>>> print(open('upload.cif').read())   # mmCIF, C-alpha atoms
data_protein
loop_
_atom_site.group_PDB
_atom_site.id
_atom_site.type_symbol
_atom_site.label_atom_id
_atom_site.label_comp_id
_atom_site.auth_asym_id
_atom_site.auth_seq_id
_atom_site.Cartn_x
_atom_site.Cartn_y
_atom_site.Cartn_z
ATOM 1 C CA MET A 1 107.197 107.698 99.770
ATOM 2 C CA ALA A 2 104.067 107.145 101.878
ATOM 3 C CA VAL A 3 102.541 103.692 102.282
ATOM 4 C CA THR A 4 99.316 102.982 100.418
ATOM 5 C CA ALA A 5 95.954 102.757 102.156
ATOM 6 C CA SER A 6 96.039 98.930 102.176
ATOM 7 C CA PRO A 7 99.683 98.037 101.605
ATOM 8 C CA ARG A 8 100.890 94.643 100.485
ATOM 9 C CA VAL A 9 102.988 93.280 103.329
ATOM 10 C CA GLY A 10 105.092 90.208 103.954
ATOM 11 C CA VAL A 11 105.666 88.258 107.178
ATOM 12 C CA ILE A 12 108.699 86.006 107.579
ATOM 13 C CA GLY A 13 108.429 83.414 110.325
ATOM 14 C CA SER A 14 105.129 81.920 111.445
ATOM 15 C CA GLY A 15 105.567 81.119 115.105
ATOM 16 C CA VAL A 16 103.547 82.743 117.880
ATOM 17 C CA ILE A 17 104.630 86.277 116.903
ATOM 18 C CA GLY A 18 104.645 85.780 113.139
ATOM 19 C CA ARG A 19 101.166 84.290 112.943
ATOM 20 C CA SER A 20 99.856 87.094 115.159
ATOM 21 C CA TRP A 21 101.385 89.717 112.836
ATOM 22 C CA MET A 22 99.618 87.975 109.944
ATOM 23 C CA ALA A 23 96.335 88.491 111.780
ATOM 24 C CA VAL A 24 97.173 92.175 112.399
ATOM 25 C CA PHE A 25 97.832 92.934 108.743
ATOM 26 C CA ALA A 26 95.090 90.749 107.298
ATOM 27 C CA ARG A 27 92.520 92.188 109.716
ATOM 28 C CA ALA A 28 93.403 95.646 108.409
ATOM 29 C CA GLY A 29 92.690 94.558 104.851
ATOM 30 C CA CYS A 30 96.313 94.188 103.747
ATOM 31 C CA THR A 31 97.173 91.518 101.225
ATOM 32 C CA THR A 32 99.662 89.554 103.303
ATOM 33 C CA THR A 33 102.255 87.102 102.077
ATOM 34 C CA ALA A 34 103.858 84.700 104.535
ATOM 35 C CA PHE A 35 106.973 82.530 104.397
ATOM 36 C CA ASP A 36 108.625 80.128 106.796
ATOM 37 C CA ALA A 37 111.577 77.895 106.021
ATOM 38 C CA GLU A 38 109.757 75.252 108.064
ATOM 39 C CA THR A 39 106.696 74.535 105.940
ATOM 40 C CA GLY A 40 104.978 72.596 108.700
ATOM 41 C CA GLN A 41 105.124 75.652 110.953
ATOM 42 C CA LEU A 42 103.493 77.778 108.261
ATOM 43 C CA THR A 43 100.747 75.184 107.810
ATOM 44 C CA ARG A 44 100.032 75.265 111.545
ATOM 45 C CA ALA A 45 99.954 79.073 111.470
ATOM 46 C CA MET A 46 97.365 79.016 108.678
ATOM 47 C CA GLN A 47 95.268 76.574 110.697
ATOM 48 C CA TRP A 48 95.525 78.898 113.685
ATOM 49 C CA LEU A 49 94.318 81.820 111.567
ATOM 50 C CA GLN A 50 91.367 79.798 110.339
ATOM 51 C CA ALA A 51 90.505 78.902 113.927
ATOM 52 C CA LEU A 52 90.065 82.608 114.698
ATOM 53 C CA ARG A 53 86.805 82.264 112.760
ATOM 54 C CA THR A 54 87.226 85.570 111.015
ATOM 55 C CA PRO A 55 87.887 86.360 107.344
ATOM 56 C CA GLU A 56 91.479 87.335 108.248
ATOM 57 C CA TRP A 57 93.086 84.116 107.088
ATOM 58 C CA GLU A 58 91.728 84.588 103.558
ATOM 59 C CA GLN A 59 93.975 87.665 103.182
ATOM 60 C CA VAL A 60 97.117 85.636 103.881
ATOM 61 C CA GLN A 61 98.951 83.970 101.009
ATOM 62 C CA PRO A 62 101.465 81.257 102.007
ATOM 63 C CA CYS A 63 104.659 81.440 99.947
ATOM 64 C CA ALA A 64 107.203 78.810 99.007
ATOM 65 C CA SER A 65 110.156 81.207 98.786
ATOM 66 C CA LEU A 66 111.424 84.636 99.784
ATOM 67 C CA ALA A 67 111.246 85.712 96.149
ATOM 68 C CA GLN A 68 107.531 84.952 96.098
ATOM 69 C CA LEU A 69 106.976 86.693 99.445
ATOM 70 C CA VAL A 70 108.641 89.978 98.472
ATOM 71 C CA ASP A 71 106.893 90.381 95.122
ATOM 72 C CA GLY A 72 105.319 93.853 95.219
ATOM 73 C CA VAL A 73 105.483 94.296 98.995
ATOM 74 C CA GLU A 74 105.804 97.692 100.681
ATOM 75 C CA TYR A 75 106.644 96.384 104.143
ATOM 76 C CA ILE A 76 108.185 93.174 105.507
ATOM 77 C CA GLN A 77 107.953 92.048 109.144
ATOM 78 C CA GLU A 78 110.694 89.562 110.069
ATOM 79 C CA CYS A 79 109.863 87.209 112.951
ATOM 80 C CA GLY A 80 112.690 84.703 112.888
ATOM 81 C CA PRO A 81 114.598 83.179 115.817
ATOM 82 C CA GLU A 82 116.604 85.480 118.103
ATOM 83 C CA GLN A 83 119.980 84.708 116.542
ATOM 84 C CA LEU A 84 121.984 87.695 115.337
ATOM 85 C CA GLU A 85 123.861 85.912 112.548
ATOM 86 C CA LEU A 86 120.640 84.382 111.236
ATOM 87 C CA LYS A 87 118.950 87.786 111.149
ATOM 88 C CA GLN A 88 121.977 89.328 109.461
ATOM 89 C CA ARG A 89 121.863 86.685 106.715
ATOM 90 C CA LEU A 90 118.116 87.022 106.321
ATOM 91 C CA PHE A 91 118.260 90.807 106.056
ATOM 92 C CA ALA A 92 121.082 90.504 103.533
ATOM 93 C CA ASP A 93 118.840 88.266 101.416
ATOM 94 C CA LEU A 94 115.919 90.656 101.799
ATOM 95 C CA ASP A 95 118.051 93.667 100.966
ATOM 96 C CA ARG A 96 118.989 91.930 97.732
ATOM 97 C CA VAL A 97 115.576 90.667 96.564
ATOM 98 C CA ALA A 98 112.959 93.005 98.093
ATOM 99 C CA PRO A 99 111.737 96.084 96.200
ATOM 100 C CA HIS A 100 114.040 99.019 96.945
ATOM 101 C CA SER A 101 111.137 101.026 98.378
ATOM 102 C CA ALA A 102 110.087 98.281 100.823
ATOM 103 C CA ILE A 103 110.660 98.732 104.546
ATOM 104 C CA LEU A 104 112.474 95.841 106.231
ATOM 105 C CA ALA A 105 111.326 95.563 109.863
ATOM 106 C CA SER A 106 112.382 93.106 112.554
ATOM 107 C CA SER A 107 110.361 91.866 115.516
ATOM 108 C CA THR A 108 113.588 91.298 117.455
ATOM 109 C CA SER A 109 113.351 91.722 121.204
ATOM 110 C CA ALA A 110 117.099 91.741 121.737
ATOM 111 C CA TYR A 111 119.173 93.188 118.916
ATOM 112 C CA ASP A 112 119.994 96.675 117.688
ATOM 113 C CA MET A 113 119.188 97.255 114.018
ATOM 114 C CA SER A 114 122.602 98.897 113.749
ATOM 115 C CA ASP A 115 124.096 95.414 114.228
ATOM 116 C CA ILE A 116 121.615 93.556 112.048
ATOM 117 C CA ALA A 117 122.009 95.946 109.084
ATOM 118 C CA ARG A 118 125.719 96.704 109.521
ATOM 119 C CA GLN A 119 126.872 95.165 106.221
ATOM 120 C CA LEU A 120 123.816 95.935 104.070
ATOM 121 C CA ARG A 121 123.856 98.079 100.958
ATOM 122 C CA HIS A 122 120.572 99.799 101.904
ATOM 123 C CA PRO A 123 120.466 100.041 105.718
ATOM 124 C CA GLY A 124 118.367 103.195 105.588
ATOM 125 C CA ARG A 125 115.181 101.174 105.111
ATOM 126 C CA CYS A 126 115.810 98.764 107.989
ATOM 127 C CA ILE A 127 114.101 99.195 111.349
ATOM 128 C CA VAL A 128 113.047 97.403 114.524
ATOM 129 C CA ALA A 129 109.304 97.088 115.100
ATOM 130 C CA HIS A 130 109.216 95.145 118.360
ATOM 131 C CA PRO A 131 105.666 93.996 119.182
ATOM 132 C CA THR A 132 104.008 92.946 122.401
ATOM 133 C CA ASN A 133 102.961 89.292 122.504
ATOM 134 C CA PRO A 134 100.478 88.750 120.917
ATOM 135 C CA PRO A 135 100.379 91.803 118.606
ATOM 136 C CA HIS A 136 96.910 91.030 117.227
ATOM 137 C CA VAL A 137 95.592 91.537 120.765
ATOM 138 C CA ILE A 138 98.011 94.009 122.380
ATOM 139 C CA PRO A 139 98.730 97.001 120.115
ATOM 140 C CA VAL A 140 101.931 98.675 121.356
ATOM 141 C CA VAL A 141 104.962 98.328 119.062
ATOM 142 C CA GLU A 142 108.385 99.712 119.989
ATOM 143 C CA VAL A 143 109.930 101.340 116.906
ATOM 144 C CA LEU A 144 113.656 102.021 116.738
ATOM 145 C CA GLY A 145 115.921 102.676 113.803
ATOM 146 C CA GLY A 146 119.567 101.756 113.551
ATOM 147 C CA ASP A 147 122.334 104.305 113.203
ATOM 148 C CA GLN A 148 121.769 104.362 109.420
ATOM 149 C CA THR A 149 117.968 104.167 109.343
ATOM 150 C CA SER A 150 116.430 107.125 107.532
ATOM 151 C CA PRO A 151 113.905 109.448 109.225
ATOM 152 C CA GLU A 152 111.541 108.649 106.350
ATOM 153 C CA THR A 153 111.653 104.939 107.218
ATOM 154 C CA ILE A 154 110.796 105.683 110.846
ATOM 155 C CA ALA A 155 107.891 107.937 109.824
ATOM 156 C CA ARG A 156 106.566 105.465 107.256
ATOM 157 C CA THR A 157 106.780 102.574 109.710
ATOM 158 C CA CYS A 158 104.890 104.453 112.419
ATOM 159 C CA GLY A 159 102.289 105.544 109.880
ATOM 160 C CA LEU A 160 101.738 102.019 108.611
ATOM 161 C CA LEU A 161 101.556 100.505 112.082
ATOM 162 C CA ALA A 162 99.016 103.101 113.192
ATOM 163 C CA ALA A 163 96.992 102.503 110.029
ATOM 164 C CA VAL A 164 96.710 98.763 110.757
ATOM 165 C CA GLY A 165 95.519 99.389 114.328
ATOM 166 C CA GLN A 166 98.760 99.196 116.306
ATOM 167 C CA THR A 167 100.170 101.798 118.692
ATOM 168 C CA PRO A 168 103.736 102.640 117.634
ATOM 169 C CA VAL A 169 106.081 104.114 120.242
ATOM 170 C CA THR A 170 109.355 105.580 118.984
ATOM 171 C CA LEU A 171 112.388 104.891 121.171
ATOM 172 C CA LYS A 172 115.368 107.241 121.321
ATOM 173 C CA LYS A 173 118.143 104.644 121.576
ATOM 174 C CA HIS A 174 118.719 100.927 121.925
ATOM 175 C CA ALA A 175 118.607 99.107 125.250
ATOM 176 C CA HIS A 176 118.747 95.336 125.469
ATOM 177 C CA GLY A 177 115.156 94.080 125.587
ATOM 178 C CA PHE A 178 113.804 97.545 124.727
ATOM 179 C CA VAL A 179 111.386 99.227 127.156
ATOM 180 C CA LEU A 180 108.592 96.693 127.624
ATOM 181 C CA ASN A 181 110.780 93.706 128.390
ATOM 182 C CA ARG A 182 113.011 95.689 130.724
ATOM 183 C CA LEU A 183 109.998 96.838 132.735
ATOM 184 C CA GLN A 184 108.460 93.369 132.613
ATOM 185 C CA PHE A 185 111.551 91.558 133.814
ATOM 186 C CA ALA A 186 112.253 94.123 136.503
ATOM 187 C CA LEU A 187 108.967 92.958 138.035
ATOM 188 C CA VAL A 188 109.685 89.281 137.309
ATOM 189 C CA ARG A 189 113.105 89.598 138.950
ATOM 190 C CA GLU A 190 111.613 90.973 142.159
ATOM 191 C CA ALA A 191 108.791 88.405 142.059
ATOM 192 C CA VAL A 192 111.321 85.571 141.888
ATOM 193 C CA HIS A 193 113.384 87.191 144.662
ATOM 194 C CA LEU A 194 110.332 87.462 146.938
ATOM 195 C CA LEU A 195 109.484 83.828 146.220
ATOM 196 C CA LYS A 196 113.004 82.571 146.937
ATOM 197 C CA ALA A 197 113.268 84.741 150.064
ATOM 198 C CA GLY A 198 110.099 83.168 151.440
ATOM 199 C CA VAL A 199 108.172 86.447 151.598
ATOM 200 C CA ALA A 200 105.188 85.111 149.649
ATOM 201 C CA ASP A 201 104.199 82.152 147.497
ATOM 202 C CA VAL A 202 103.422 82.097 143.765
ATOM 203 C CA GLU A 203 99.677 82.510 144.241
ATOM 204 C CA ALA A 204 100.058 85.497 146.572
ATOM 205 C CA ILE A 205 102.515 87.280 144.272
ATOM 206 C CA ASP A 206 100.342 86.723 141.200
ATOM 207 C CA THR A 207 97.263 87.889 143.117
ATOM 208 C CA VAL A 208 98.955 91.137 144.184
ATOM 209 C CA VAL A 209 99.708 91.938 140.554
ATOM 210 C CA ARG A 210 96.443 90.614 139.082
ATOM 211 C CA GLU A 211 94.103 92.195 141.633
ATOM 212 C CA GLY A 212 96.266 95.199 142.498
ATOM 213 C CA LEU A 213 99.011 96.641 140.341
ATOM 214 C CA GLY A 214 97.676 95.208 137.096
ATOM 215 C CA LEU A 215 94.286 96.873 137.449
ATOM 216 C CA ARG A 216 95.870 100.319 137.610
ATOM 217 C CA TRP A 217 98.499 99.566 134.984
ATOM 218 C CA ALA A 218 95.800 98.545 132.507
ATOM 219 C CA LEU A 219 94.748 102.198 132.539
ATOM 220 C CA LEU A 220 97.854 104.217 133.421
ATOM 221 C CA GLY A 221 101.602 103.670 133.285
ATOM 222 C CA PRO A 222 103.871 103.832 136.345
ATOM 223 C CA PHE A 223 104.291 107.603 136.113
ATOM 224 C CA GLY A 224 100.573 108.111 135.475
ATOM 225 C CA VAL A 225 99.721 105.949 138.486
ATOM 226 C CA ALA A 226 102.107 107.970 140.646
ATOM 227 C CA ASP A 227 100.476 111.185 139.448
ATOM 228 C CA THR A 228 97.004 109.977 140.481
ATOM 229 C CA ASN A 229 98.075 108.496 143.829
ATOM 230 C CA ASN A 230 98.525 111.894 145.456
ATOM 231 C CA ASP A 231 96.444 115.068 145.471
ATOM 232 C CA GLN A 232 99.551 116.991 144.420
ATOM 233 C CA GLY A 233 100.303 114.506 141.664
ATOM 234 C CA VAL A 234 103.721 113.020 141.045
ATOM 235 C CA ARG A 235 105.360 116.003 142.759
ATOM 236 C CA GLY A 236 103.620 115.092 145.998
ATOM 237 C CA TYR A 237 104.021 111.342 145.464
ATOM 238 C CA PHE A 238 107.791 111.482 144.959
ATOM 239 C CA GLY A 239 108.526 114.800 146.646
ATOM 240 C CA GLY A 240 109.063 114.492 150.386
ATOM 241 C CA HIS A 241 109.258 110.701 150.159
ATOM 242 C CA GLU A 242 112.564 110.439 148.335
ATOM 243 C CA THR A 243 114.415 108.770 151.194
ATOM 244 C CA TRP A 244 111.762 106.098 151.816
ATOM 245 C CA ILE A 245 111.379 105.334 148.106
ATOM 246 C CA THR A 246 115.141 105.207 147.550
ATOM 247 C CA ASP A 247 115.605 102.939 150.571
ATOM 248 C CA LEU A 248 112.919 100.588 149.250
ATOM 249 C CA MET A 249 114.462 100.488 145.769
ATOM 250 C CA ASN A 250 117.885 99.828 147.265
ATOM 251 C CA GLN A 251 116.443 96.857 149.145
ATOM 252 C CA LEU A 252 115.031 95.197 146.040
ATOM 253 C CA GLY A 253 116.561 91.803 145.570
ATOM 254 C CA PRO A 254 119.576 90.970 143.426
ATOM 255 C CA THR A 255 119.096 89.151 140.158
ATOM 256 C CA PRO A 256 118.146 85.610 141.220
ATOM 257 C CA THR A 257 119.245 82.403 139.566
ATOM 258 C CA LEU A 258 116.528 80.341 137.892
ATOM 259 C CA GLU A 259 117.352 76.793 138.862
ATOM 260 C CA PRO A 260 115.324 74.023 137.186
ATOM 261 C CA GLU A 261 113.910 73.118 140.592
ATOM 262 C CA LEU A 262 112.617 76.651 141.064
ATOM 263 C CA THR A 263 111.018 76.718 137.617
ATOM 264 C CA GLU A 264 109.354 73.383 138.392
ATOM 265 C CA LEU A 265 108.076 74.732 141.735
ATOM 266 C CA ILE A 266 106.539 77.738 139.959
ATOM 267 C CA GLY A 267 105.097 75.480 137.262
ATOM 268 C CA GLN A 268 103.451 73.195 139.807
ATOM 269 C CA ALA A 269 101.919 76.182 141.605
ATOM 270 C CA LEU A 270 100.505 77.506 138.346
ATOM 271 C CA ASP A 271 99.209 74.041 137.425
ATOM 272 C CA ARG A 272 97.333 73.896 140.744
ATOM 273 C CA ALA A 273 95.913 77.377 140.201
ATOM 274 C CA ARG A 274 94.751 76.478 136.685
ATOM 275 C CA GLY A 275 93.230 73.190 137.802
ATOM 276 C CA THR A 276 91.671 71.244 134.929
ATOM 277 C CA VAL A 277 91.455 74.269 132.623
ATOM 278 C CA PRO A 278 93.806 73.828 129.631
ATOM 279 C CA ARG A 279 96.533 76.455 129.293
ATOM 280 C CA ALA A 280 95.285 77.264 125.782
ATOM 281 C CA ASP A 281 91.873 78.133 127.224
ATOM 282 C CA VAL A 282 93.492 80.478 129.735
ATOM 283 C CA ARG A 283 95.391 82.143 126.874
ATOM 284 C CA ASP A 284 92.179 82.554 124.852
ATOM 285 C CA TRP A 285 90.397 83.988 127.907
ATOM 286 C CA ARG A 286 93.295 86.400 128.428
ATOM 287 C CA ASP A 287 93.095 87.589 124.831
ATOM 288 C CA ARG A 288 89.319 88.095 124.971
ATOM 289 C CA MET A 289 89.574 90.038 128.221
ATOM 290 C CA VAL A 290 92.384 92.255 126.901
ATOM 291 C CA LEU A 291 90.286 93.075 123.833
ATOM 292 C CA ALA A 292 87.317 93.851 126.096
ATOM 293 C CA ILE A 293 89.480 96.183 128.194
ATOM 294 C CA ARG A 294 90.700 97.912 125.022
ATOM 295 C CA ARG A 295 87.104 98.439 123.864
ATOM 296 C CA LEU A 296 86.143 99.799 127.281
ATOM 297 C CA LYS A 297 89.097 102.209 127.309
ATOM 298 C CA ALA A 298 88.346 103.356 123.759
ATOM 299 C CA SER A 299 84.751 104.156 124.720
ATOM 300 C CA HIS A 300 85.848 106.098 127.812
ATOM 301 C CA PRO A 301 88.745 108.382 126.773
ATOM 302 C CA VAL A 302 89.985 109.990 129.975
ATOM 303 C CA GLY A 303 91.260 113.262 128.510
ATOM 304 C CA GLN A 304 88.062 114.421 126.842
ATOM 305 C CA ARG A 305 85.758 113.238 129.609
ATOM 306 C CA GLN A 306 87.971 114.773 132.268
ATOM 307 C CA ARG A 307 87.901 118.124 130.509
ATOM 308 C CA GLU A 308 84.143 117.916 130.210
ATOM 309 C CA GLY A 309 83.692 116.973 133.864
ATOM 310 C CA GLN A 310 82.212 113.577 132.972
ATOM 311 C CA LEU A 311 84.452 111.402 135.098
ATOM 312 C CA PRO A 312 82.768 109.969 138.204
#
>>> encode(input="upload.cif", output="structure tokens")
Amino acid sequence: MAVTASPRVGVIGSGVIGRSWMAVFARAGCTTTAFDAETGQLTRAMQWLQALRTPEWEQVQPCASLAQLVDGVEYIQECGPEQLELKQRLFADLDRVAPHSAILASSTSAYDMSDIARQLRHPGRCIVAHPTNPPHVIPVVEVLGGDQTSPETIARTCGLLAAVGQTPVTLKKHAHGFVLNRLQFALVREAVHLLKAGVADVEAIDTVVREGLGLRWALLGPFGVADTNNDQGVRGYFGGHETWITDLMNQLGPTPTLEPELTELIGQALDRARGTVPRADVRDWRDRMVLAIRRLKASHPVGQRQREGQLP
């Protein structure tokens, strides 16, 4: 069964990720129901939506119960705390009360759907749809079924996510943290190691990423960057340099410990860098700039322009 053009969706949990999913679905014209066991959290999420100053919040209907949330929905996005037993109980409740045709998706960044849906009667409709924070600004969503998820559920989920403006990426198997977090924390691990080893300070490390690596990675992934860094592409970039690259990778630091004193040192450095600008303003600036970059990339598609000889 295909999803409708503007499906009715439900969002469970209204923290940073949940409220952002509400914006994603409402912006796409979906009637969106929302539930949070903590009513105050849901109230704050609705206020946040209103502060976006767009009509999105008018599409969101706060609910007092799961039964009210699931009424007539085609898709549910769970955004609860990262606790396996809690998610198992929640999915058991959803499996019992949600329409049988509804997809049950989790925003989990840690757990395999095989574990979450292990005891359910209808595990074939359960799937992970792991977003990037915040999903209403950054579109990629990692999609992964459990060992009992049906191919139809995977196809329907990807179709719905694409229809509401996200970029679904289907993973082949589970890895703790999925792809984005594993790549992200590989960099964070080395950044912390370099800091603790006295190679560079917080400002220098952030500058190297912000004014160096990040500029390329906003346009191309690590393999794409490697392919453009050499006239012979990735074959020339890796080929002939295997020993040097392997030696460098072998010298990357071990997983560091994050002592409270170290976290405080990093926090103080970031406070100095931010100065008197509130952190919320930096977050808003980040979101606006990411959206501007997305618009710029959309107006300059590399494949077509490259084929037509229009690249500078």
>>> atom_distance(input="upload.cif", atom1="atom CA of Trp21 of chain A", atom2="atom CA of Ile127 of chain A")
15.9 Å
>>> closest_residue(input="upload.cif", among="A:Val70, A:Ala26, A:Val128, A:Val60", to="Thr43 of chain A", atoms="all atoms listed in the file")
A:Val60
>>> resolve_selection(input="upload.cif", expression="the PyMOL selection byres ((chain A and resi 78) around 6)", output="number ranges by chain")
A: 11-12, 77, 79-80, 106-107
>>> resolve_selection(input="upload.cif", expression="the PyMOL selection byres ((chain A and resi 266) around 12)", output="PyMOL selection string")
chain A and resi 191-192+195-196+201-203+205-206+258-265+267-273
>>> residues_around(input="upload.cif", residues="segment 46-57 of chain A", least_positions_apart="2", cutoff="9 Å", atoms="all atoms listed in the file", output="PyMOL selection string")
chain A and resi 14+19-20+22-29+41-44+59-62
>>> atom_distance(input="upload.cif", atom1="atom CA of Ala34 of chain A", atom2="atom CA of Tyr75 of chain A")
12.0 Å
>>> resolve_selection(input="upload.cif", expression="the PyMOL selection byres ((chain A and resi 179) around 12)", output="list in words")
Ser109, Ala110, His130, Pro131, Thr132, Val140, Val141, Glu142, Val143, Leu144, Val169, Thr170, Leu171, Lys172, Lys173, His174, Ala175, His176, Gly177, Phe178, Leu180, Asn181, Arg182, Leu183, Gln184, Phe185 and Ala186 of chain A
>>> atom_distance(input="upload.cif", atom1="atom CA of Gly159 of chain A", atom2="atom CA of Ser6 of chain A")
11.9 Å
>>> closest_residue(input="upload.cif", among="A:Val225, A:Gly198, A:Glu82, A:Pro7", to="Leu160 of chain A", atoms="all atoms listed in the file")
A:Pro7
>>> axis_aligned_box(input="upload.cif", around="segment 132-145 of chain A", padding_each_side="4 Å", output="JSON")
{"center_x": 105.8, "center_y": 95.7, "center_z": 118.2, "size_x": 28.3, "size_y": 21.9, "size_z": 16.7}
>>> closest_residue(input="upload.cif", among="A:Gly72, A:Gly236, A:Gly145, A:Gly275", to="Ser114 of chain A", atoms="all atoms listed in the file")
A:Gly145
>>> closest_residue(input="upload.cif", among="A:Arg279, A:Asn133, A:Asp227, A:Pro99", to="Gln68 of chain A", atoms="all atoms listed in the file")
A:Pro99
>>> decode(input="upload.cif", residues="segment 284-301 of chain A", atoms="N, CA and C atoms", output="PDB file, in the first residue's frame")
ATOM      1  N   ASP A 284      20.475  29.272  15.678  1.00  0.00           N
ATOM      2  CA  ASP A 284      19.595  29.813  14.632  1.00  0.00           C
ATOM      3  C   ASP A 284      20.405  30.227  13.407  1.00  0.00           C
ATOM      4  N   TRP A 285      21.567  30.845  13.640  1.00  0.00           N
ATOM      5  CA  TRP A 285      22.447  31.229  12.528  1.00  0.00           C
ATOM      6  C   TRP A 285      22.897  29.992  11.761  1.00  0.00           C
ATOM      7  N   ARG A 286      23.278  28.947  12.510  1.00  0.00           N
ATOM      8  CA  ARG A 286      23.678  27.689  11.867  1.00  0.00           C
ATOM      9  C   ARG A 286      22.568  27.160  10.969  1.00  0.00           C
ATOM     10  N   ASP A 287      21.351  27.135  11.485  1.00  0.00           N
ATOM     11  CA  ASP A 287      20.237  26.592  10.708  1.00  0.00           C
ATOM     12  C   ASP A 287      19.980  27.416   9.454  1.00  0.00           C
ATOM     13  N   ARG A 288      20.029  28.747   9.578  1.00  0.00           N
ATOM     14  CA  ARG A 288      19.808  29.598   8.402  1.00  0.00           C
ATOM     15  C   ARG A 288      20.893  29.385   7.355  1.00  0.00           C
ATOM     16  N   MET A 289      22.138  29.244   7.802  1.00  0.00           N
ATOM     17  CA  MET A 289      23.237  29.066   6.865  1.00  0.00           C
ATOM     18  C   MET A 289      23.159  27.698   6.186  1.00  0.00           C
ATOM     19  N   VAL A 290      22.778  26.663   6.931  1.00  0.00           N
ATOM     20  CA  VAL A 290      22.627  25.341   6.316  1.00  0.00           C
ATOM     21  C   VAL A 290      21.538  25.381   5.247  1.00  0.00           C
ATOM     22  N   LEU A 291      20.427  26.031   5.538  1.00  0.00           N
ATOM     23  CA  LEU A 291      19.356  26.145   4.543  1.00  0.00           C
ATOM     24  C   LEU A 291      19.821  26.929   3.319  1.00  0.00           C
ATOM     25  N   ALA A 292      20.634  27.976   3.547  1.00  0.00           N
ATOM     26  CA  ALA A 292      21.171  28.741   2.419  1.00  0.00           C
ATOM     27  C   ALA A 292      22.101  27.882   1.568  1.00  0.00           C
ATOM     28  N   ILE A 293      22.933  27.077   2.212  1.00  0.00           N
ATOM     29  CA  ILE A 293      23.820  26.169   1.477  1.00  0.00           C
ATOM     30  C   ILE A 293      23.006  25.163   0.679  1.00  0.00           C
ATOM     31  N   ARG A 294      21.937  24.635   1.277  1.00  0.00           N
ATOM     32  CA  ARG A 294      21.083  23.681   0.551  1.00  0.00           C
ATOM     33  C   ARG A 294      20.461  24.331  -0.675  1.00  0.00           C
ATOM     34  N   ARG A 295      19.996  25.581  -0.530  1.00  0.00           N
ATOM     35  CA  ARG A 295      19.412  26.274  -1.693  1.00  0.00           C
ATOM     36  C   ARG A 295      20.465  26.497  -2.763  1.00  0.00           C
ATOM     37  N   LEU A 296      21.667  26.870  -2.358  1.00  0.00           N
ATOM     38  CA  LEU A 296      22.746  27.094  -3.323  1.00  0.00           C
ATOM     39  C   LEU A 296      23.087  25.804  -4.058  1.00  0.00           C
ATOM     40  N   LYS A 297      23.186  24.689  -3.324  1.00  0.00           N
ATOM     41  CA  LYS A 297      23.502  23.411  -3.959  1.00  0.00           C
ATOM     42  C   LYS A 297      22.387  22.983  -4.911  1.00  0.00           C
ATOM     43  N   ALA A 298      21.136  23.213  -4.502  1.00  0.00           N
ATOM     44  CA  ALA A 298      20.013  22.815  -5.354  1.00  0.00           C
ATOM     45  C   ALA A 298      19.989  23.606  -6.655  1.00  0.00           C
ATOM     46  N   SER A 299      20.451  24.854  -6.612  1.00  0.00           N
ATOM     47  CA  SER A 299      20.449  25.682  -7.819  1.00  0.00           C
ATOM     48  C   SER A 299      21.683  25.468  -8.685  1.00  0.00           C
ATOM     49  N   HIS A 300      22.638  24.682  -8.189  1.00  0.00           N
ATOM     50  CA  HIS A 300      23.861  24.402  -8.941  1.00  0.00           C
ATOM     51  C   HIS A 300      24.163  22.904  -8.899  1.00  0.00           C
ATOM     52  N   PRO A 301      23.312  22.080  -9.516  1.00  0.00           N
ATOM     53  CA  PRO A 301      23.547  20.623  -9.503  1.00  0.00           C
ATOM     54  C   PRO A 301      24.793  20.265 -10.291  1.00  0.00           C
TER      55      PRO A 301
END
